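Peer 1: One file is attached below, input-v9.txt, containing compact mmCIF, C-alpha atoms and all ligand atoms.
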# COMPACT_ATOMS: atom_id res chain seq x y z
CA MET A 18 84.83 119.54 121.64
CA ALA A 19 88.40 120.76 122.08
CA VAL A 20 89.38 124.10 120.47
CA SER A 21 92.81 124.55 118.90
CA THR A 22 94.58 127.47 117.24
CA SER A 23 95.44 125.54 114.08
CA TYR A 24 94.68 122.35 112.18
CA SER A 25 97.44 119.87 113.06
CA ARG A 26 99.80 118.52 110.41
CA THR A 27 97.97 115.19 110.55
CA GLN A 28 94.59 116.90 110.03
CA ILE A 29 95.95 118.81 107.01
CA VAL A 30 97.55 115.73 105.44
CA LEU A 31 94.38 113.69 106.01
CA HIS A 32 92.23 116.42 104.40
CA TRP A 33 94.26 116.32 101.17
CA VAL A 34 94.74 112.53 101.09
CA VAL A 35 90.96 112.10 101.37
CA PHE A 36 90.47 114.72 98.65
CA ALA A 37 92.73 112.71 96.31
CA LEU A 38 90.96 109.44 97.18
CA ILE A 39 87.50 110.89 96.53
CA ALA A 40 88.72 112.43 93.25
CA GLN A 41 89.84 109.00 92.03
CA GLN A 42 86.45 107.52 93.04
CA TYR A 43 84.80 109.88 90.55
CA LEU A 44 87.49 109.88 87.84
CA PHE A 45 87.59 106.07 87.50
CA LYS A 46 83.95 105.32 88.39
CA ASP A 47 83.13 103.71 85.02
CA ALA A 48 85.00 100.48 85.83
CA MET A 49 82.86 100.08 88.98
CA SER A 50 79.59 100.85 87.20
CA ASP A 51 80.45 98.39 84.41
CA ALA A 52 81.31 95.63 86.91
CA TRP A 53 78.07 96.29 88.82
CA GLN A 54 76.06 96.11 85.60
CA ARG A 55 77.67 92.78 84.69
CA LEU A 56 76.81 91.45 88.17
CA THR A 57 73.19 92.58 88.09
CA GLU A 58 72.79 90.97 84.67
CA GLY A 59 73.81 87.67 86.25
CA GLY A 60 77.38 87.65 84.93
CA GLU A 61 80.76 87.64 86.69
CA ALA A 62 82.37 90.89 87.85
CA GLY A 63 85.83 89.55 86.90
CA PHE A 64 89.08 91.05 88.22
CA ASP A 65 89.72 94.73 87.49
CA LEU A 66 92.35 96.84 89.26
CA LEU A 67 90.11 99.91 89.06
CA VAL A 68 87.28 98.04 90.77
CA LEU A 69 89.69 97.04 93.53
CA ALA A 70 90.81 100.68 93.77
CA HIS A 71 87.16 101.79 94.11
CA VAL A 72 86.45 99.34 96.92
CA ALA A 73 89.77 99.89 98.74
CA GLY A 74 89.81 103.66 98.14
CA GLY A 75 86.25 103.99 99.42
CA ALA A 76 87.00 101.86 102.48
CA LEU A 77 90.03 104.06 103.19
CA VAL A 78 87.88 107.22 102.95
CA PHE A 79 85.58 105.66 105.57
CA LEU A 80 88.43 104.81 107.97
CA LEU A 81 90.19 108.16 107.51
CA ALA A 82 86.89 110.03 108.11
CA LEU A 83 86.53 108.22 111.46
CA TRP A 84 90.15 109.08 112.29
CA ARG A 85 89.48 112.75 111.42
CA LEU A 86 86.38 112.82 113.62
CA GLY A 87 88.46 111.37 116.46
CA LEU A 88 91.12 114.07 115.94
CA ARG A 89 88.42 116.77 115.87
CA SER A 90 87.15 115.76 119.28
CA ARG A 91 90.61 115.27 120.82
CA HIS A 92 92.79 117.93 119.11
CA GLY A 93 89.89 120.20 118.11
CA VAL A 94 89.66 122.55 115.13
CA PRO A 95 90.39 126.28 114.99
CA ALA A 96 87.39 128.58 115.53
CA ALA A 97 85.64 129.34 112.23
CA ILE A 98 86.49 132.59 110.45
CA GLU A 99 82.98 133.89 109.75
CA SER A 100 82.15 136.91 107.63
CA SER A 101 78.50 136.65 108.75
CA ARG A 102 76.32 134.39 110.88
CA VAL A 103 74.62 132.90 107.83
CA GLN A 104 77.93 132.14 106.14
CA GLY A 105 79.18 130.51 109.35
CA VAL A 106 76.11 128.28 109.58
CA ILE A 107 76.39 127.27 105.89
CA ALA A 108 80.08 126.36 106.40
CA LYS A 109 79.28 124.26 109.49
CA LEU A 110 76.42 122.43 107.74
CA THR A 111 78.63 121.80 104.69
CA HIS A 112 81.39 120.27 106.86
CA LEU A 113 78.81 118.15 108.69
CA GLY A 114 77.35 116.96 105.38
CA LEU A 115 80.81 116.15 103.99
CA TYR A 116 81.60 114.01 107.03
CA ALA A 117 78.21 112.27 106.83
CA LEU A 118 78.79 111.43 103.16
CA MET A 119 82.38 110.25 103.71
CA ILE A 120 80.72 107.62 105.92
CA LEU A 121 77.48 106.93 104.02
CA MET A 122 79.07 106.61 100.55
CA PRO A 123 81.35 103.69 101.52
CA LEU A 124 78.58 102.07 103.62
CA SER A 125 75.98 102.17 100.83
CA GLY A 126 78.60 101.02 98.29
CA ALA A 127 79.65 98.10 100.50
CA VAL A 128 76.05 96.98 101.13
CA ALA A 129 75.46 97.05 97.35
CA TRP A 130 78.71 95.33 96.38
CA PHE A 131 79.06 92.71 99.11
CA GLY A 132 75.35 92.23 99.85
CA GLY A 133 74.07 92.50 96.27
CA VAL A 134 71.42 95.01 97.38
CA ASP A 135 70.16 97.05 94.43
CA LEU A 136 68.45 99.62 96.68
CA ALA A 137 71.83 100.42 98.26
CA ALA A 138 73.30 100.97 94.78
CA GLN A 139 70.46 103.36 94.01
CA GLY A 140 71.15 105.19 97.29
CA HIS A 141 74.89 105.27 96.41
CA ASN A 142 73.96 106.90 93.08
CA ILE A 143 71.86 109.60 94.76
CA LEU A 144 74.45 110.26 97.47
CA LYS A 145 77.22 110.66 94.86
CA ILE A 146 75.34 113.69 93.44
CA ILE A 147 74.78 115.22 96.88
CA LEU A 148 78.48 114.71 97.75
CA LEU A 149 79.56 116.36 94.50
CA ALA A 150 77.23 119.32 95.16
CA LEU A 151 78.60 119.74 98.70
CA ILE A 152 82.19 119.57 97.42
CA ALA A 153 81.35 122.26 94.84
CA LEU A 154 79.82 124.46 97.56
CA HIS A 155 82.85 123.83 99.80
CA VAL A 156 85.31 124.78 97.03
CA VAL A 157 83.32 127.92 96.13
CA GLY A 158 83.41 128.83 99.85
CA ALA A 159 87.18 128.26 100.01
CA LEU A 160 87.73 130.41 96.89
CA TYR A 161 85.43 133.12 98.27
CA HIS A 162 87.53 133.22 101.47
CA GLN A 163 90.75 133.25 99.45
CA PHE A 164 90.00 135.82 96.77
CA ILE A 165 87.12 138.00 98.08
CA LEU A 166 87.45 138.01 101.88
CA ARG A 167 91.25 137.34 101.83
CA ASP A 168 91.00 136.22 105.45
CA GLY A 169 93.59 133.43 105.56
CA THR A 170 91.09 130.53 105.78
CA MET A 171 92.80 128.71 102.89
CA ALA A 172 96.24 129.00 104.51
CA ARG A 173 94.92 127.05 107.53
CA MET A 174 94.46 123.98 105.33
CA ARG A 175 97.87 124.44 103.67
CA ARG A 176 100.24 124.41 106.65
CA VAL A 177 100.22 124.44 110.42
CA GLN A 178 99.69 127.99 111.66
CA GLY A 179 101.77 129.08 114.57
C1 LIG B 201 83.80 107.89 99.38
C2 LIG B 201 83.61 106.71 98.85
C3 LIG B 201 82.98 106.48 97.51
C4 LIG B 201 82.67 107.35 96.50
C5 LIG B 201 82.89 108.85 96.45
C6 LIG B 201 82.05 106.56 95.44
C7 LIG B 201 81.61 107.08 94.24
C8 LIG B 201 81.01 106.35 93.23
C9 LIG B 201 80.61 106.87 91.95
C10 LIG B 201 80.83 108.31 91.49
C11 LIG B 201 80.05 105.85 91.25
C12 LIG B 201 79.55 105.87 89.81
C13 LIG B 201 78.08 105.78 89.65
C14 LIG B 201 77.73 106.06 88.20
O1 LIG B 201 77.71 107.23 87.84
O2 LIG B 201 77.56 105.12 87.46
C15 LIG B 201 80.06 104.68 92.10
C16 LIG B 201 79.52 103.45 91.77
C17 LIG B 201 79.57 102.34 92.57
N1 LIG B 201 80.24 102.23 93.77
FE1 LIG B 201 81.12 103.72 94.80
N2 LIG B 201 82.00 105.25 95.83
C18 LIG B 201 82.57 105.14 97.08
C19 LIG B 201 82.78 103.99 97.81
C20 LIG B 201 82.37 102.73 97.42
C21 LIG B 201 82.65 101.49 98.13
C22 LIG B 201 83.51 101.37 99.40
C23 LIG B 201 82.05 100.49 97.44
C24 LIG B 201 82.03 98.99 97.68
C25 LIG B 201 82.61 98.37 98.68
C26 LIG B 201 81.38 101.09 96.30
C27 LIG B 201 80.59 100.41 95.40
C28 LIG B 201 80.04 100.95 94.27
C29 LIG B 201 79.18 100.22 93.35
C30 LIG B 201 78.70 98.78 93.50
C31 LIG B 201 78.88 101.10 92.29
C32 LIG B 201 77.99 100.81 91.06
C33 LIG B 201 76.62 101.37 91.31
C34 LIG B 201 75.81 101.52 90.06
O3 LIG B 201 76.39 101.66 88.98
O4 LIG B 201 74.58 101.54 90.17
N3 LIG B 201 81.62 102.46 96.31
N4 LIG B 201 80.67 105.01 93.30
C1 LIG B 202 86.71 115.66 98.42
C2 LIG B 202 86.80 116.93 98.62
C3 LIG B 202 86.81 117.59 99.99
C4 LIG B 202 86.26 117.19 101.19
C5 LIG B 202 85.44 115.92 101.47
C6 LIG B 202 86.59 118.20 102.18
C7 LIG B 202 86.20 118.16 103.51
C8 LIG B 202 86.49 119.13 104.45
C9 LIG B 202 86.03 119.12 105.82
C10 LIG B 202 85.14 118.04 106.44
C11 LIG B 202 86.54 120.22 106.42
C12 LIG B 202 86.30 120.64 107.87
C13 LIG B 202 87.54 120.55 108.67
C14 LIG B 202 87.79 119.19 109.21
O1 LIG B 202 87.18 118.86 110.22
O2 LIG B 202 88.60 118.41 108.65
C15 LIG B 202 87.32 120.93 105.44
C16 LIG B 202 88.00 122.11 105.66
C17 LIG B 202 88.61 122.86 104.67
N1 LIG B 202 88.71 122.54 103.33
FE1 LIG B 202 88.03 120.88 102.48
N2 LIG B 202 87.33 119.19 101.57
C18 LIG B 202 87.48 118.86 100.23
C19 LIG B 202 88.14 119.58 99.25
C20 LIG B 202 88.68 120.82 99.43
C21 LIG B 202 89.25 121.65 98.39
C22 LIG B 202 89.39 121.22 96.92
C23 LIG B 202 89.65 122.81 98.98
C24 LIG B 202 90.31 124.02 98.36
C25 LIG B 202 89.97 124.54 97.21
C26 LIG B 202 89.35 122.70 100.39
C27 LIG B 202 89.64 123.67 101.34
C28 LIG B 202 89.35 123.59 102.68
C29 LIG B 202 89.71 124.61 103.64
C30 LIG B 202 90.43 125.91 103.36
C31 LIG B 202 89.24 124.16 104.89
C32 LIG B 202 89.36 124.89 106.25
C33 LIG B 202 88.08 125.60 106.57
C34 LIG B 202 88.15 126.33 107.89
O3 LIG B 202 89.22 126.46 108.46
O4 LIG B 202 87.09 126.77 108.36
N3 LIG B 202 88.74 121.49 100.63
N4 LIG B 202 87.27 120.25 104.24
Would you mind writing the structure in this file as structure tokens?
Peer 2:
Amino acid sequence: MAVSTSYSRTQIVLHWVVFALIAQQYLFKDAMSDAWQRLTEGGEAGFDLLVLAHVAGGALVFLLALWRLGLRSRHGVPAAIESSRVQGVIAKLTHLGLYALMILMPLSGAVAWFGGVDLAAQGHNILKIILLALIALHVVGALYHQFILRDGTMARMRRVQG
């Protein structure tokens, strides 16, 4: 994989756009759950803008995650700022897990929604907890870098370093 000295502007913008999209998936999740319940009870889902936003927002997360992975391999990412080996490994595994879930969440959701597969909905419901836990760990890590280590990690995701 290529190594760079900074995240590019595109990588930074994509990081925060995806953050906003995932936030809305959780904030407005009830509309999707209600529609799914109506469907599984044999009713009609009906049209709901928030359901459309869940499907489209999730699909966008999937596409943008693939774009980000492409950028990682072509542009690269800056070398990790590690305070210890263990912390470095935890950060790498967290990033890997976040990417995996940005792909698996939309896939499981789509199989449930378009294929009517209940097992996929159950998987989606388990993955949503794992994703939330990883995001919490990721944010704690970012705050730890910012306020305890004060090593400039946070600034790398705010603007292009140069
Ligand atoms: C990153 C992308 C996504 C995230 C973070 C996400 C997150 C969530 C969350 C938090 C719920 C609420 C579950 C609950 O507590 O009741 C949910 C439900 C659901 N989502 Fe997603 N979702 C994503 C993508 C998608 C996509 C692309 C689809 C469909 C094309 C989809 C279909 C569903 C369905 C059918 C449910 C109802 C499942 C149930 O209530 O058992 N999701 N999603
Ligand atoms: C949905 C929520 C989030 C997801 C899925 C996510 C995902 C990621 C991923 C995959 C990376 C690795 C770099 C890359 O390849 O793009 C990263 C880096 C980073 N994220 Fe997040 N992030 C989220 C929210 C946040 C939040 C809320 C903060 C700040 C409080 C944050 C701060 C950072 C920082 C500072 C880096 C750079 C780490 C480094 O340079 O080693 N992220 N994020």
Peer 1: Could you give me, as a PyMOL selection string, the residues within 12 Å of Ala37 in chain A, counting all atoms listed in the file and dropping anything in the same chain fewer than 6 positions from it?
Peer 2: chain A and resi 30-31+43-44+74-75+77-78
Peer 1: Edge lengths and centre, in Å to one decimal, as lines of an AutoDock Vina configuration file: that's what I need for the box along x, y and z that holds all listed atoms of ligand LIG 201 (chain B) plus 3 Å on each side.
Peer 2:
center_x = 79.2
center_y = 103.6
center_z = 93.4
size_x = 15.2
size_y = 16.5
size_z = 17.9
Peer 1: Select the residues contacting ligand LIG 202 (chain B) at a distance of at most 6 Å, based on only C-alpha atoms and all ligand atoms, then format the selection as JSON, numbers by chain.
Peer 2: {"A": [32, 36, 39, 97, 112, 115, 116, 152, 156, 159, 170, 171, 173, 174]}
Peer 1: Emit the selected residues as a PDB file, keeping the file's coordinate frame, including C-alpha atoms.
Peer 2:
ATOM      1  CA  HIS A  32      92.230 116.420 104.400  1.00  0.00           C
ATOM      2  CA  PHE A  36      90.470 114.720  98.650  1.00  0.00           C
ATOM      3  CA  ILE A  39      87.500 110.890  96.530  1.00  0.00           C
ATOM      4  CA  ALA A  97      85.640 129.340 112.230  1.00  0.00           C
ATOM      5  CA  HIS A 112      81.390 120.270 106.860  1.00  0.00           C
ATOM      6  CA  LEU A 115      80.810 116.150 103.990  1.00  0.00           C
ATOM      7  CA  TYR A 116      81.600 114.010 107.030  1.00  0.00           C
ATOM      8  CA  ILE A 152      82.190 119.570  97.420  1.00  0.00           C
ATOM      9  CA  VAL A 156      85.310 124.780  97.030  1.00  0.00           C
ATOM     10  CA  ALA A 159      87.180 128.260 100.010  1.00  0.00           C
ATOM     11  CA  THR A 170      91.090 130.530 105.780  1.00  0.00           C
ATOM     12  CA  MET A 171      92.800 128.710 102.890  1.00  0.00           C
ATOM     13  CA  ARG A 173      94.920 127.050 107.530  1.00  0.00           C
ATOM     14  CA  MET A 174      94.460 123.980 105.330  1.00  0.00           C
TER      15      MET A 174
END
Peer 1: For ligand LIG 201 (chain B), which residue out of A:Ala138, A:Ile107, A:Leu149, A:Ile143 is the nearest one, using only C-alpha atoms and all ligand atoms?
Peer 2: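 The shortest atom-to-atom distance to ligand LIG 201 (chain B) comes from A:Ala138.
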Peer 1: Output the neighbourhood of ligand LIG 201 (chain B) as a ChimeraX atom specification, that is, all protein and nucleic acid residues with some atom at most 9 Å from the ligand, counting only C-alpha atoms and all ligand atoms.
Peer 2: /A:35,38-54,68-69,71-79,118-131,133,135,137-146,148-149
Peer 1: Would you compute the distance between CA of Arg85 in chain A and CA of Gln28 in chain A? Give it in Å to one decimal.
Peer 2: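 Separation between CA of Arg85 in chain A and CA of Gln28 in chain A: 6.7 Å.
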Peer 1: By how many Å are CA of Ile98 in chain A and CA of Ala150 in chain A apart?
Peer 2: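 The value is 22.3 Å.
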Peer 1: Any chance you could export range 152-163 of chain A with N, CA and C atoms, as a CSV table (one decimal), in the first residue's frame?
Peer 2:
chain,number,residue,atom,x,y,z
A,152,ILE,N,-17.3,2.5,16.9
A,152,ILE,CA,-17.3,3.9,16.7
A,152,ILE,C,-16.9,4.5,18.1
A,153,ALA,N,-17.5,4.0,19.2
A,153,ALA,CA,-17.2,4.5,20.5
A,153,ALA,C,-15.7,4.4,20.8
A,154,LEU,N,-15.2,3.2,20.5
A,154,LEU,CA,-13.7,3.0,20.8
A,154,LEU,C,-12.9,3.9,20.0
A,155,HIS,N,-13.3,4.1,18.7
A,155,HIS,CA,-12.6,5.0,17.8
A,155,HIS,C,-12.6,6.5,18.3
A,156,VAL,N,-13.7,6.9,18.8
A,156,VAL,CA,-13.9,8.3,19.3
A,156,VAL,C,-13.1,8.4,20.6
A,157,VAL,N,-13.1,7.4,21.5
A,157,VAL,CA,-12.3,7.5,22.7
A,157,VAL,C,-10.8,7.6,22.3
A,158,GLY,N,-10.4,6.8,21.3
A,158,GLY,CA,-9.0,6.8,20.9
A,158,GLY,C,-8.7,8.2,20.4
A,159,ALA,N,-9.6,8.8,19.5
A,159,ALA,CA,-9.3,10.1,19.0
A,159,ALA,C,-9.2,11.2,20.1
A,160,LEU,N,-10.0,11.1,21.1
A,160,LEU,CA,-10.0,12.0,22.2
A,160,LEU,C,-8.8,11.8,23.1
A,161,TYR,N,-8.3,10.6,23.2
A,161,TYR,CA,-7.1,10.2,24.0
A,161,TYR,C,-5.9,10.9,23.3
A,162,HIS,N,-5.9,10.7,22.0
A,162,HIS,CA,-4.8,11.4,21.2
A,162,HIS,C,-4.8,12.9,21.4
A,163,GLN,N,-6.0,13.4,21.3
A,163,GLN,CA,-6.2,14.9,21.3
A,163,GLN,C,-5.8,15.5,22.7
